[in-house]
>>> print(open('final-v5.tsv').read())   # TSV, C-alpha atoms
chain	number	residue	atom	x	y	z
W	59	MET	CA	-67.15	25.50	36.37
W	60	GLN	CA	-68.21	21.87	36.54
W	61	LEU	CA	-67.55	18.54	34.85
W	62	ALA	CA	-69.48	18.24	31.58
W	63	LYS	CA	-72.80	16.39	31.69
W	64	TYR	CA	-71.53	13.08	30.34
W	65	VAL	CA	-68.25	13.03	32.25
W	66	LYS	CA	-67.88	10.70	35.21
W	67	PHE	CA	-65.04	10.89	37.73
W	68	ARG	CA	-63.78	8.03	39.89
W	69	GLU	CA	-60.84	7.94	42.26
W	70	GLU	CA	-58.37	5.08	41.92
W	71	LYS	CA	-55.27	3.94	43.85
W	72	PHE	CA	-53.02	5.52	41.21
W	73	GLY	CA	-55.05	8.75	41.03
W	74	GLY	CA	-58.30	8.77	39.11
W	75	VAL	CA	-60.16	8.39	35.85
W	76	LEU	CA	-62.46	10.63	33.89
W	77	PHE	CA	-64.82	8.78	31.58
W	78	GLU	CA	-66.48	10.75	28.81
W	79	THR	CA	-69.40	8.42	28.23
W	80	ARG	CA	-70.62	9.85	24.90
W	81	SER	CA	-67.35	9.34	23.07
W	82	GLU	CA	-66.48	6.46	25.44
W	83	LYS	CA	-63.02	7.89	26.08
W	84	VAL	CA	-61.17	7.36	29.33
W	85	PHE	CA	-58.69	9.89	30.66
W	86	THR	CA	-56.40	8.69	33.39
W	87	LEU	CA	-55.26	11.11	36.04
W	88	ASN	CA	-52.17	11.32	38.21
W	89	PRO	CA	-52.57	12.36	41.86
W	90	THR	CA	-52.17	16.08	41.10
W	91	ALA	CA	-54.77	15.97	38.33
W	92	THR	CA	-57.04	13.94	40.58
W	93	ALA	CA	-56.77	16.57	43.30
W	94	VAL	CA	-57.79	19.23	40.78
W	95	VAL	CA	-60.78	17.25	39.52
W	96	ARG	CA	-61.85	16.50	43.08
W	97	GLU	CA	-61.91	20.25	43.72
W	98	ILE	CA	-63.86	20.88	40.51
W	99	ALA	CA	-66.39	18.22	41.45
W	100	ALA	CA	-66.76	19.91	44.83
W	101	GLY	CA	-67.61	23.14	43.04
W	102	GLY	CA	-64.41	25.20	43.24
W	103	GLY	CA	-63.46	28.02	40.84
W	104	GLU	CA	-60.21	28.00	38.88
W	105	ARG	CA	-58.37	30.61	40.93
W	106	GLU	CA	-59.61	29.15	44.19
W	107	ILE	CA	-58.45	25.64	43.23
W	108	ALA	CA	-54.99	26.84	42.20
W	109	SER	CA	-54.64	28.71	45.44
W	110	ARG	CA	-55.77	25.79	47.60
W	111	LEU	CA	-53.47	23.30	45.90
W	112	LYS	CA	-50.57	25.72	46.03
W	113	ASP	CA	-50.92	25.78	49.80
W	114	ARG	CA	-51.48	22.06	50.11
W	115	PHE	CA	-48.45	21.05	48.04
W	116	ALA	CA	-46.16	23.81	49.41
W	117	ASP	CA	-45.61	25.17	45.94
W	118	ALA	CA	-42.71	27.56	46.35
W	119	ASP	CA	-41.85	28.21	42.70
W	120	GLY	CA	-45.37	28.34	41.22
W	121	THR	CA	-45.13	25.02	39.41
W	122	ILE	CA	-48.40	23.68	40.83
W	123	GLU	CA	-50.24	26.86	39.93
W	124	ARG	CA	-49.03	26.69	36.32
W	125	GLU	CA	-49.87	23.00	36.09
W	126	VAL	CA	-53.37	23.54	37.45
W	127	THR	CA	-54.01	26.32	34.93
W	128	ALA	CA	-52.68	24.21	32.06
W	129	PHE	CA	-54.63	21.18	33.18
W	130	ILE	CA	-57.91	23.06	33.43
W	131	ALA	CA	-57.29	24.51	29.95
W	132	ASP	CA	-56.67	20.96	28.71
W	133	LEU	CA	-59.91	19.74	30.26
W	134	ARG	CA	-61.82	22.58	28.60
W	135	GLN	CA	-60.18	21.89	25.25
W	136	LYS	CA	-61.22	18.23	25.48
W	137	GLY	CA	-64.80	19.20	26.29
W	138	LEU	CA	-64.65	17.70	29.77
W	139	LEU	CA	-65.57	20.92	31.56
W	140	GLU	CA	-68.43	23.33	31.19
W	141	GLY	CA	-69.22	26.70	32.67
C	212	MET	CA	-51.33	9.52	26.56
C	213	SER	CA	-51.84	5.86	25.86
C	214	GLU	CA	-51.64	3.75	28.97
C	215	LEU	CA	-53.22	3.64	32.34
C	216	ALA	CA	-50.37	4.16	34.75
C	217	THR	CA	-49.02	6.83	37.02
C	218	PRO	CA	-47.88	9.35	34.46
C	219	ALA	CA	-44.36	10.71	34.30
C	220	PRO	CA	-43.75	13.54	36.79
C	221	ASP	CA	-44.16	16.24	34.16
C	222	THR	CA	-47.43	14.80	32.89
C	223	ILE	CA	-50.65	16.19	34.26
C	224	ILE	CA	-53.11	14.04	32.41
C	225	SER	CA	-52.86	11.00	30.25
C	226	ALA	CA	-55.67	9.63	28.16
C	227	SER	CA	-56.62	6.34	26.68
C	228	THR	CA	-59.67	4.62	25.31
C	229	PRO	CA	-61.17	1.76	27.34
C	230	ALA	CA	-59.60	-0.66	24.90
C	231	THR	CA	-56.09	0.37	25.86
C	232	THR	CA	-56.70	0.74	29.55
C	233	ARG	CA	-54.63	-1.51	31.81
C	234	THR	CA	-57.61	-2.83	33.65
C	235	GLY	CA	-55.62	-4.41	36.45
C	236	ASP	CA	-54.95	-0.95	37.85
C	237	LEU	CA	-58.62	-0.13	38.20
C	238	GLY	CA	-60.67	-0.80	41.31
C	239	ALA	CA	-63.77	-1.74	39.32
C	240	PRO	CA	-64.90	-2.01	35.70
C	241	LEU	CA	-65.58	1.15	33.75
C	242	TYR	CA	-68.38	-0.36	31.74
C	243	VAL	CA	-70.85	-3.15	32.41
C	244	ALA	CA	-72.95	-4.44	29.51
C	245	TRP	CA	-75.86	-6.36	30.99
C	246	GLN	CA	-78.09	-8.58	28.88
C	247	ILE	CA	-81.04	-8.36	31.25
C	248	THR	CA	-83.16	-11.02	29.53
C	249	ASN	CA	-82.86	-13.37	26.59
C	250	GLU	CA	-86.54	-12.93	25.77
C	251	CYS	CA	-87.30	-10.95	22.62
C	252	ASN	CA	-90.31	-10.08	20.51
C	253	LEU	CA	-88.24	-10.53	17.32
C	254	ALA	CA	-86.23	-13.45	15.93
C	255	CYS	CA	-83.53	-11.73	13.89
C	256	LEU	CA	-81.53	-13.69	11.33
C	257	HIS	CA	-78.20	-12.57	12.78
C	258	CYS	CA	-78.99	-12.50	16.51
C	259	ILE	CA	-75.76	-13.26	18.34
C	260	GLU	CA	-77.69	-14.31	21.47
C	261	GLU	CA	-80.24	-16.51	19.67
C	262	SER	CA	-82.94	-14.50	21.42
C	263	GLY	CA	-86.58	-14.62	20.41
C	264	PRO	CA	-90.11	-15.24	21.63
C	265	GLY	CA	-90.02	-17.87	24.39
C	266	LYS	CA	-86.20	-17.73	24.62
C	267	LYS	CA	-86.01	-16.37	28.15
C	268	PHE	CA	-83.44	-18.39	30.12
C	269	LYS	CA	-85.02	-20.61	32.78
C	270	ASP	CA	-82.48	-19.38	35.32
C	271	GLU	CA	-82.54	-15.62	34.73
C	272	LEU	CA	-81.64	-13.58	37.81
C	273	ALA	CA	-84.42	-13.15	40.34
C	274	ASP	CA	-85.60	-9.59	40.97
C	275	GLU	CA	-84.03	-9.38	44.40
C	276	ARG	CA	-80.64	-10.38	43.04
C	277	VAL	CA	-80.99	-8.01	40.09
C	278	PHE	CA	-81.35	-5.03	42.39
C	279	ASP	CA	-78.59	-6.28	44.68
C	280	VAL	CA	-76.22	-6.41	41.70
C	281	LEU	CA	-77.30	-2.96	40.56
C	282	ALA	CA	-76.58	-1.64	44.05
C	283	GLN	CA	-73.11	-3.23	43.93
C	284	LEU	CA	-72.44	-1.57	40.58
C	285	MET	CA	-73.50	1.82	41.88
C	286	ASP	CA	-71.53	1.41	45.12
C	287	ALA	CA	-68.43	0.55	43.06
C	288	GLU	CA	-69.01	3.74	41.03
C	289	VAL	CA	-69.13	1.89	37.73
C	290	PRO	CA	-69.60	4.96	35.55
C	291	TYR	CA	-71.31	3.41	32.57
C	292	LEU	CA	-73.87	0.63	32.12
C	293	SER	CA	-75.92	-0.67	29.25
C	294	PHE	CA	-79.04	-2.81	29.29
C	295	SER	CA	-79.55	-5.06	26.30
C	296	GLY	CA	-81.01	-8.50	25.69
C	297	GLY	CA	-82.87	-10.09	24.12
C	298	GLU	CA	-85.07	-7.09	24.11
C	299	PRO	CA	-84.52	-5.29	27.42
C	300	MET	CA	-87.84	-3.48	27.31
C	301	VAL	CA	-89.77	-6.77	27.65
C	302	HIS	CA	-88.18	-7.39	31.08
C	303	PRO	CA	-91.04	-6.92	33.58
C	304	ARG	CA	-88.87	-4.73	35.85
C	305	PHE	CA	-87.20	-2.78	33.01
C	306	PHE	CA	-88.31	0.70	34.09
C	307	ASP	CA	-87.65	-0.04	37.77
C	308	MET	CA	-84.10	-1.02	36.83
C	309	VAL	CA	-83.63	2.07	34.66
C	310	GLU	CA	-84.92	4.36	37.37
C	311	PHE	CA	-82.79	2.64	40.03
C	312	VAL	CA	-79.58	3.29	38.07
C	313	CYS	CA	-80.43	6.81	36.91
C	314	ALA	CA	-81.54	7.91	40.39
C	315	ARG	CA	-78.04	7.01	41.58
C	316	LYS	CA	-76.47	9.04	38.76
C	317	GLY	CA	-75.30	6.04	36.74
C	318	GLU	CA	-74.87	6.70	33.02
C	319	LEU	CA	-77.14	4.21	31.32
C	320	LYS	CA	-77.57	3.23	27.69
C	321	ILE	CA	-80.49	1.11	26.49
C	322	GLU	CA	-79.92	-1.14	23.45
C	323	THR	CA	-83.30	-1.96	21.94
C	324	ASN	CA	-85.00	-3.01	18.72
C	325	GLY	CA	-87.17	0.09	19.06
C	326	HIS	CA	-90.53	-1.66	18.97
C	327	PHE	CA	-91.60	-0.53	22.47
C	328	LEU	CA	-90.63	3.10	22.11
C	329	THR	CA	-94.09	4.55	22.50
C	330	ALA	CA	-94.39	8.27	23.19
C	331	GLU	CA	-95.18	7.45	26.81
C	332	ASN	CA	-92.18	5.15	27.25
C	333	CYS	CA	-89.86	7.70	25.63
C	334	GLU	CA	-91.11	10.37	28.04
C	335	ARG	CA	-90.36	8.01	30.92
C	336	LEU	CA	-86.83	7.38	29.61
C	337	LYS	CA	-86.30	11.11	29.26
C	338	HIS	CA	-87.60	11.74	32.75
C	339	ALA	CA	-85.22	9.08	34.11
C	340	ASP	CA	-82.40	10.85	32.19
C	341	VAL	CA	-80.88	7.87	30.42
C	342	LYS	CA	-77.64	8.68	28.63
C	343	ALA	CA	-78.80	7.28	25.30
C	344	VAL	CA	-81.04	4.78	23.59
C	345	GLN	CA	-79.40	2.73	20.87
C	346	VAL	CA	-81.80	1.36	18.29
C	347	SER	CA	-80.90	-1.42	15.84
C	348	LEU	CA	-81.87	-0.27	12.37
C	349	ASP	CA	-80.55	-2.93	10.01
C	350	GLY	CA	-81.85	-1.45	6.81
C	351	ALA	CA	-82.84	1.86	5.29
C	352	SER	CA	-86.03	0.37	3.85
C	353	ARG	CA	-88.93	-1.71	5.08
C	354	GLU	CA	-87.98	-4.49	2.67
C	355	THR	CA	-84.49	-5.12	4.03
C	356	PHE	CA	-85.25	-4.33	7.68
C	357	ASN	CA	-88.20	-6.71	7.86
C	358	LYS	CA	-86.24	-9.45	6.09
C	359	MET	CA	-83.44	-9.22	8.66
C	360	ARG	CA	-85.59	-8.58	11.73
C	361	VAL	CA	-88.02	-11.46	11.58
C	362	LEU	CA	-91.34	-10.43	13.22
C	363	GLY	CA	-90.09	-6.84	13.18
C	364	GLU	CA	-91.59	-3.81	11.49
C	365	PHE	CA	-89.43	-1.03	10.05
C	366	ASN	CA	-92.13	1.62	10.39
C	367	ARG	CA	-92.61	0.84	14.06
C	368	ALA	CA	-88.88	1.18	14.77
C	369	VAL	CA	-88.77	4.47	12.86
C	370	GLU	CA	-91.81	5.70	14.76
C	371	GLY	CA	-90.05	4.77	18.00
C	372	LEU	CA	-87.03	6.80	16.92
C	373	ARG	CA	-89.25	9.78	16.15
C	374	ASN	CA	-90.79	9.42	19.63
C	375	LEU	CA	-87.32	9.40	21.19
C	376	ARG	CA	-86.41	12.54	19.32
C	377	ALA	CA	-89.63	14.27	20.30
C	378	ALA	CA	-88.97	13.42	23.95
C	379	GLY	CA	-85.40	14.68	23.71
C	380	VAL	CA	-83.66	11.37	24.42
C	381	PRO	CA	-80.16	11.08	22.87
C	382	ILE	CA	-80.21	8.53	20.03
C	383	GLU	CA	-77.63	6.07	18.72
C	384	ILE	CA	-78.15	3.75	15.77
C	385	ASN	CA	-76.62	0.32	15.30
C	386	TYR	CA	-76.46	-1.37	11.88
C	387	SER	CA	-75.50	-4.98	11.08
C	388	PRO	CA	-74.52	-5.57	7.45
C	389	THR	CA	-75.72	-8.50	5.36
C	390	ARG	CA	-75.54	-9.27	1.68
C	391	PHE	CA	-79.04	-7.86	1.21
C	392	ASN	CA	-78.73	-4.61	3.18
C	393	ALA	CA	-75.05	-3.64	2.80
C	394	HIS	CA	-75.83	-1.51	-0.25
C	395	GLU	CA	-78.20	0.65	1.83
C	396	ILE	CA	-75.53	1.82	4.26
C	397	GLY	CA	-75.27	5.34	2.83
C	398	LYS	CA	-79.02	5.81	3.00
C	399	ALA	CA	-79.09	4.34	6.50
C	400	VAL	CA	-76.52	6.86	7.77
C	401	ASP	CA	-78.54	9.68	6.19
C	402	LEU	CA	-81.72	8.34	7.79
C	403	ALA	CA	-80.02	8.11	11.20
C	404	PHE	CA	-79.03	11.76	10.95
C	405	GLU	CA	-82.51	12.78	9.81
C	406	LEU	CA	-83.96	10.94	12.82
C	407	GLY	CA	-81.72	12.90	15.15
C	408	ALA	CA	-79.02	10.34	16.06
C	409	TYR	CA	-75.75	11.64	17.45
C	410	SER	CA	-73.87	8.36	16.85
C	411	PHE	CA	-74.00	5.59	14.26
C	412	TYR	CA	-72.26	2.26	14.91
C	413	THR	CA	-71.51	-0.65	12.62
C	414	GLY	CA	-68.91	-3.30	11.88
C	415	ARG	CA	-68.74	-6.83	10.55
C	416	THR	CA	-71.59	-9.20	11.30
C	417	MET	CA	-70.42	-12.10	13.45
C	418	TYR	CA	-70.68	-15.78	12.60
C	419	THR	CA	-72.35	-16.90	15.77
C	420	GLY	CA	-75.81	-17.40	17.27
C	421	ASN	CA	-78.58	-17.39	14.67
C	422	ALA	CA	-76.10	-16.28	11.99
C	423	VAL	CA	-74.57	-19.77	11.98
C	424	LYS	CA	-77.85	-21.12	10.55
C	425	THR	CA	-78.46	-18.21	8.16
C	426	TRP	CA	-74.90	-17.44	7.05
C	427	HIS	CA	-75.35	-18.90	3.57
C	428	LYS	CA	-78.06	-16.37	2.73
C	429	MET	CA	-76.84	-13.50	4.84
C	430	ALA	CA	-73.05	-13.09	4.90
C	431	PRO	CA	-71.74	-10.15	2.87
C	432	SER	CA	-68.89	-10.88	0.46
C	433	GLU	CA	-65.48	-9.24	0.91
C	434	GLU	CA	-66.24	-7.09	-2.14
C	435	GLN	CA	-69.41	-5.89	-0.46
C	436	TYR	CA	-67.50	-5.10	2.71
C	437	GLU	CA	-64.97	-3.10	0.70
C	438	THR	CA	-67.73	-0.94	-0.78
C	439	TYR	CA	-69.48	-0.82	2.59
C	440	PHE	CA	-66.50	0.57	4.47
C	441	ALA	CA	-65.59	2.96	1.66
C	442	MET	CA	-69.07	4.45	1.94
C	443	LEU	CA	-68.71	4.68	5.72
C	444	HIS	CA	-65.42	6.57	5.39
C	445	ALA	CA	-67.18	9.03	3.08
C	446	LYS	CA	-70.15	9.36	5.42
C	447	ALA	CA	-67.90	9.85	8.45
C	448	ASP	CA	-66.34	12.82	6.64
C	449	GLU	CA	-69.71	14.14	5.50
C	450	TYR	CA	-71.19	14.14	9.00
C	451	ARG	CA	-68.07	15.12	10.93
C	452	GLY	CA	-69.00	17.48	13.75
C	453	ARG	CA	-72.73	16.68	13.36
C	454	MET	CA	-73.01	12.92	13.94
C	455	ARG	CA	-70.31	10.42	14.87
C	456	VAL	CA	-70.09	7.60	12.32
C	457	HIS	CA	-68.20	4.87	14.12
C	458	PHE	CA	-67.24	1.56	12.50
C	459	HIS	CA	-64.88	-1.37	13.07
C	460	GLU	CA	-63.23	-2.64	9.91
C	461	MET	CA	-61.12	-5.10	11.86
C	462	GLY	CA	-62.12	-8.72	11.64
C	463	LEU	CA	-62.93	-10.66	14.79
C	464	LEU	CA	-59.56	-12.43	14.93
C	465	GLU	CA	-57.54	-9.21	14.86
C	466	GLU	CA	-59.84	-7.70	17.44
C	467	LEU	CA	-59.46	-10.67	19.81
C	468	ARG	CA	-55.68	-10.83	19.40
C	469	TYR	CA	-55.57	-7.17	20.39
C	470	ARG	CA	-57.85	-7.73	23.38
C	471	LEU	CA	-55.68	-10.56	24.68
C	472	HIS	CA	-53.05	-7.96	25.51
C	473	ASN	CA	-55.41	-5.05	26.10
C	474	PRO	CA	-58.57	-6.26	27.82
C	475	ALA	CA	-61.23	-3.59	27.97
C	476	ALA	CA	-62.41	-2.59	31.45
C	477	LEU	CA	-65.72	-4.16	30.57
C	478	LEU	CA	-67.81	-6.98	32.01
C	479	ILE	CA	-70.53	-8.71	30.00
C	480	VAL	CA	-73.35	-9.91	32.28
C	481	LEU	CA	-75.65	-12.61	30.93
C	482	PRO	CA	-79.33	-12.83	31.92
C	483	ASN	CA	-78.55	-15.59	34.44
C	484	GLY	CA	-75.78	-13.63	36.14
C	485	LEU	CA	-72.82	-15.36	34.52
C	486	VAL	CA	-70.11	-12.86	33.58
C	487	LYS	CA	-68.19	-13.21	30.32
C	488	LEU	CA	-64.78	-11.81	29.44
C	489	ILE	CA	-66.07	-10.49	26.15
C	490	ASN	CA	-69.07	-11.33	24.02
C	491	ALA	CA	-67.03	-12.92	21.24
C	492	LEU	CA	-65.46	-15.56	23.51
C	493	PRO	CA	-67.15	-18.40	25.42
C	494	PHE	CA	-65.20	-17.78	28.64
C	495	VAL	CA	-66.95	-17.01	31.92
C	496	CYS	CA	-65.03	-15.35	34.75
C	497	GLY	CA	-67.72	-15.22	37.41
C	498	ASP	CA	-71.27	-15.80	38.56
C	499	LEU	CA	-73.21	-12.95	40.12
C	500	ARG	CA	-75.62	-15.43	41.72
C	501	GLN	CA	-72.80	-16.62	43.98
C	502	GLN	CA	-70.04	-14.03	43.85
C	503	SER	CA	-69.76	-10.33	44.47
C	504	LEU	CA	-68.78	-7.85	41.79
C	505	THR	CA	-65.48	-7.29	43.61
C	506	GLU	CA	-64.62	-11.00	43.55
C	507	ILE	CA	-65.45	-11.26	39.86
C	508	TRP	CA	-63.47	-8.15	38.96
C	509	SER	CA	-60.41	-9.52	40.72
C	510	ASN	CA	-60.77	-12.75	38.75
C	511	PHE	CA	-61.15	-10.90	35.45
C	512	GLN	CA	-57.44	-10.18	34.86
C	513	ARG	CA	-56.40	-13.70	35.80
C	514	ALA	CA	-59.01	-15.16	33.50
C	515	TRP	CA	-57.76	-13.18	30.50
C	516	ARG	CA	-54.32	-14.70	31.07
C	517	ASP	CA	-55.63	-18.27	31.18
C	518	PRO	CA	-53.89	-20.19	28.34
C	519	ARG	CA	-57.23	-21.55	27.14
C	520	VAL	CA	-58.25	-18.04	26.10
C	521	ALA	CA	-55.18	-17.47	23.93
C	522	GLN	CA	-55.54	-20.99	22.53
C	523	PHE	CA	-59.17	-20.38	21.56
C	524	VAL	CA	-58.22	-17.16	19.78
C	525	GLU	CA	-55.43	-18.90	17.85
C	526	ASP	CA	-57.78	-21.77	16.98
C	527	LEU	CA	-60.03	-19.19	15.35
C	528	ALA	CA	-57.25	-18.45	12.88
C	529	VAL	CA	-57.45	-22.07	11.70
C	530	ASP	CA	-61.20	-22.50	12.03
C	531	PRO	CA	-63.14	-19.20	12.07
C	532	GLY	CA	-66.28	-21.29	12.48
C	533	ARG	CA	-65.41	-21.94	16.13
C	534	THR	CA	-67.43	-18.83	16.96
C	535	ARG	CA	-70.42	-21.13	16.64
C	536	THR	CA	-69.51	-22.46	20.09
C	537	LEU	CA	-69.70	-19.14	21.93
C	538	HIS	CA	-72.73	-20.25	23.90
C	539	GLN	CA	-70.97	-23.35	25.19
C	540	TRP	CA	-69.61	-21.49	28.20
C	541	VAL	CA	-66.23	-22.36	29.62
C	542	HIS	CA	-65.75	-21.42	33.29
C	543	LEU	CA	-62.27	-20.12	34.12
>>> encode(input="final-v5.tsv", output="structure tokens")
Amino acid sequence: MQLAKYVKFREEKFGGVLFETRSEKVFTLNPTATAVVREIAAGGGEREIASRLKDRFADADGTIEREVTAFIADLRQKGLLEG
Amino acid sequence: MSELATPAPDTIISASTPATTRTGDLGAPLYVAWQITNECNLACLHCIEESGPGKKFKDELADERVFDVLAQLMDAEVPYLSFSGGEPMVHPRFFDMVEFVCARKGELKIETNGHFLTAENCERLKHADVKAVQVSLDGASRETFNKMRVLGEFNRAVEGLRNLRAAGVPIEINYSPTRFNAHEIGKAVDLAFELGAYSFYTGRTMYTGNAVKTWHKMAPSEEQYETYFAMLHAKADEYRGRMRVHFHEMGLLEELRYRLHNPAALLIVLPNGLVKLINALPFVCGDLRQQSLTEIWSNFQRAWRDPRVAQFVEDLAVDPGRTRTLHQWVHL
């Protein structure tokens, strides 16, 4: 799993941005989403990312895990991820 | 999903186009459009920059400064750049600049008239891995193209596009309408698809630059624009999923009024290093010969709020011809 060829990621004070340069669309990310994309850019798999963030954010009720799964599905649906 | 801000707690991702991005929240621009030279091999009737043979600015950025600015852009992680002109491919360091950006993983688009797209040059662009090459194809026939693009040759531009396709470089087409080529828009979209383009861009031709002198024989009528955009709507449907047909029906005034409140995260760099707020306004918010990218970016938001900018836009409502003064730069 990796960011699609024409997608650029940049961290910002508020979180981050994904820029799909073919359609010239910008997607703004909150800190949680930014943490996920940072992990994707570093080469993590979906399950691995969810597990790491769950630990990092002390996710007792599984909210983070669900959000990560939904977010990754959203990225795929928007064509921002490949593999 | 519409504004750049920390989303509500239950929101994972929010999206916006560059046009609706609140640029003040960003650490750097998202897009830098750099006119790397004002020199051009053509002298087009509508050229917004009044480029042409011998039109290179006397004070264009020196090579050393060019590469220093490119390094600043890459260090700031500006994700998207374009090189235009003039004709960017006549810049003596064009390929060095392209390779500098692409080697640092910058996404780069080249905006060219297509006359230097030899097979060898296209291979070099492919090898560098440019994001796209946008070619201006203002006509679906030799007759209209050559009339619009003075000193230009339709067949050479088409050959350049075929070379791009053969090399596997992503292609975009740009089309400027006039009273003598507007009727060819349907054929032009078809031709773009046949030549392998993935995007087709057009809009209203601006009354500025060379167009001020040629307006009387070039400007499309409102009736022509009506037919023009109706055809584009039909073509956008026809090519949906195969080629993006992208067009701006909005007039300049509406566009600028919108931008006053929603500046794009975009800097326009002129060949001499001056930085404009937007191409359709005369206002300059920095000078890369003397200031860093960071300094200019921090001045960008303030400059958009300068009352002279809003006043200029409102003056356009009274006198649309004020766009003729876009090259009389006003430093903010």
>>> interface_residues(input="final-v5.tsv", of="chain W", to="chain C", cutoff="8 Å", atoms="only C-alpha atoms", output="PDB file with C-alpha atoms, keeping the file's coordinate frame")
ATOM      1  CA  TYR W  64     -71.530  13.080  30.340  1.00  0.00           C
ATOM      2  CA  LYS W  66     -67.880  10.700  35.210  1.00  0.00           C
ATOM      3  CA  PHE W  67     -65.040  10.890  37.730  1.00  0.00           C
ATOM      4  CA  ARG W  68     -63.780   8.030  39.890  1.00  0.00           C
ATOM      5  CA  GLU W  70     -58.370   5.080  41.920  1.00  0.00           C
ATOM      6  CA  LYS W  71     -55.270   3.940  43.850  1.00  0.00           C
ATOM      7  CA  PHE W  72     -53.020   5.520  41.210  1.00  0.00           C
ATOM      8  CA  GLY W  73     -55.050   8.750  41.030  1.00  0.00           C
ATOM      9  CA  PHE W  77     -64.820   8.780  31.580  1.00  0.00           C
ATOM     10  CA  THR W  79     -69.400   8.420  28.230  1.00  0.00           C
ATOM     11  CA  GLU W  82     -66.480   6.460  25.440  1.00  0.00           C
ATOM     12  CA  LYS W  83     -63.020   7.890  26.080  1.00  0.00           C
ATOM     13  CA  VAL W  84     -61.170   7.360  29.330  1.00  0.00           C
ATOM     14  CA  PHE W  85     -58.690   9.890  30.660  1.00  0.00           C
ATOM     15  CA  THR W  86     -56.400   8.690  33.390  1.00  0.00           C
ATOM     16  CA  LEU W  87     -55.260  11.110  36.040  1.00  0.00           C
ATOM     17  CA  ASN W  88     -52.170  11.320  38.210  1.00  0.00           C
ATOM     18  CA  THR W  90     -52.170  16.080  41.100  1.00  0.00           C
ATOM     19  CA  ALA W  91     -54.770  15.970  38.330  1.00  0.00           C
ATOM     20  CA  GLU W 125     -49.870  23.000  36.090  1.00  0.00           C
ATOM     21  CA  PHE W 129     -54.630  21.180  33.180  1.00  0.00           C
TER      22      PHE W 129
END
>>> residues_around(input="final-v5.tsv", residues="Thr323 (chain C)", least_positions_apart="3", cutoff="10 Å", atoms="only C-alpha atoms", output="PyMOL selection string")
chain C and resi 251+294-301+320+326-328+344-348+368+384-385
>>> atom_distance(input="final-v5.tsv", atom1="CA of Met461 (chain C)", atom2="CA of Leu492 (chain C)")
16.2 Å
>>> atom_distance(input="final-v5.tsv", atom1="CA of Leu375 (chain C)", atom2="CA of Glu271 (chain C)")
28.8 Å
>>> atom_distance(input="final-v5.tsv", atom1="CA of Leu256 (chain C)", atom2="CA of Thr425 (chain C)")
6.3 Å
>>> residues_around(input="final-v5.tsv", residues="region 93-104 of chain W", least_positions_apart="2", cutoff="8 Å", atoms="all atoms listed in the file", output="list of chain:residue names")
W:Met59, W:Gln60, W:Leu61, W:Phe67, W:Pro89, W:Thr90, W:Ala91, W:Glu106, W:Ile107, W:Ala108, W:Leu111, W:Val126, W:Thr127, W:Ile130
>>> write_last_selection(input="final-v5.tsv", atoms="C-alpha atoms", output="PDB file, in the frame of the given file")
ATOM      1  CA  MET W  59     -67.150  25.500  36.370  1.00  0.00           C
ATOM      2  CA  GLN W  60     -68.210  21.870  36.540  1.00  0.00           C
ATOM      3  CA  LEU W  61     -67.550  18.540  34.850  1.00  0.00           C
ATOM      4  CA  PHE W  67     -65.040  10.890  37.730  1.00  0.00           C
ATOM      5  CA  PRO W  89     -52.570  12.360  41.860  1.00  0.00           C
ATOM      6  CA  THR W  90     -52.170  16.080  41.100  1.00  0.00           C
ATOM      7  CA  ALA W  91     -54.770  15.970  38.330  1.00  0.00           C
ATOM      8  CA  GLU W 106     -59.610  29.150  44.190  1.00  0.00           C
ATOM      9  CA  ILE W 107     -58.450  25.640  43.230  1.00  0.00           C
ATOM     10  CA  ALA W 108     -54.990  26.840  42.200  1.00  0.00           C
ATOM     11  CA  LEU W 111     -53.470  23.300  45.900  1.00  0.00           C
ATOM     12  CA  VAL W 126     -53.370  23.540  37.450  1.00  0.00           C
ATOM     13  CA  THR W 127     -54.010  26.320  34.930  1.00  0.00           C
ATOM     14  CA  ILE W 130     -57.910  23.060  33.430  1.00  0.00           C
TER      15      ILE W 130
END
>>> residues_around(input="final-v5.tsv", residues="Glu437 (chain C)", least_positions_apart="4", cutoff="12 Å", atoms="all atoms listed in the file", output="ChimeraX atom specification")
/C:388,393-394,414-415,431-433,441-444,460-461
>>> write_last_selection(input="final-v5.tsv", atoms="C-alpha atoms", output="PDB file, in the coordinates of the input")
ATOM      1  CA  PRO C 388     -74.520  -5.570   7.450  1.00  0.00           C
ATOM      2  CA  ALA C 393     -75.050  -3.640   2.800  1.00  0.00           C
ATOM      3  CA  HIS C 394     -75.830  -1.510  -0.250  1.00  0.00           C
ATOM      4  CA  GLY C 414     -68.910  -3.300  11.880  1.00  0.00           C
ATOM      5  CA  ARG C 415     -68.740  -6.830  10.550  1.00  0.00           C
ATOM      6  CA  PRO C 431     -71.740 -10.150   2.870  1.00  0.00           C
ATOM      7  CA  SER C 432     -68.890 -10.880   0.460  1.00  0.00           C
ATOM      8  CA  GLU C 433     -65.480  -9.240   0.910  1.00  0.00           C
ATOM      9  CA  ALA C 441     -65.590   2.960   1.660  1.00  0.00           C
ATOM     10  CA  MET C 442     -69.070   4.450   1.940  1.00  0.00           C
ATOM     11  CA  LEU C 443     -68.710   4.680   5.720  1.00  0.00           C
ATOM     12  CA  HIS C 444     -65.420   6.570   5.390  1.00  0.00           C
ATOM     13  CA  GLU C 460     -63.230  -2.640   9.910  1.00  0.00           C
ATOM     14  CA  MET C 461     -61.120  -5.100  11.860  1.00  0.00           C
TER      15      MET C 461
END
>>> residues_around(input="final-v5.tsv", residues="Leu402 (chain C)", least_positions_apart="6", cutoff="10 Å", atoms="all atoms listed in the file", output="list in words")
Leu348, Gly350, Ala351, Ser352, Val369, Ile384, Ile396 and Ala408 of chain C
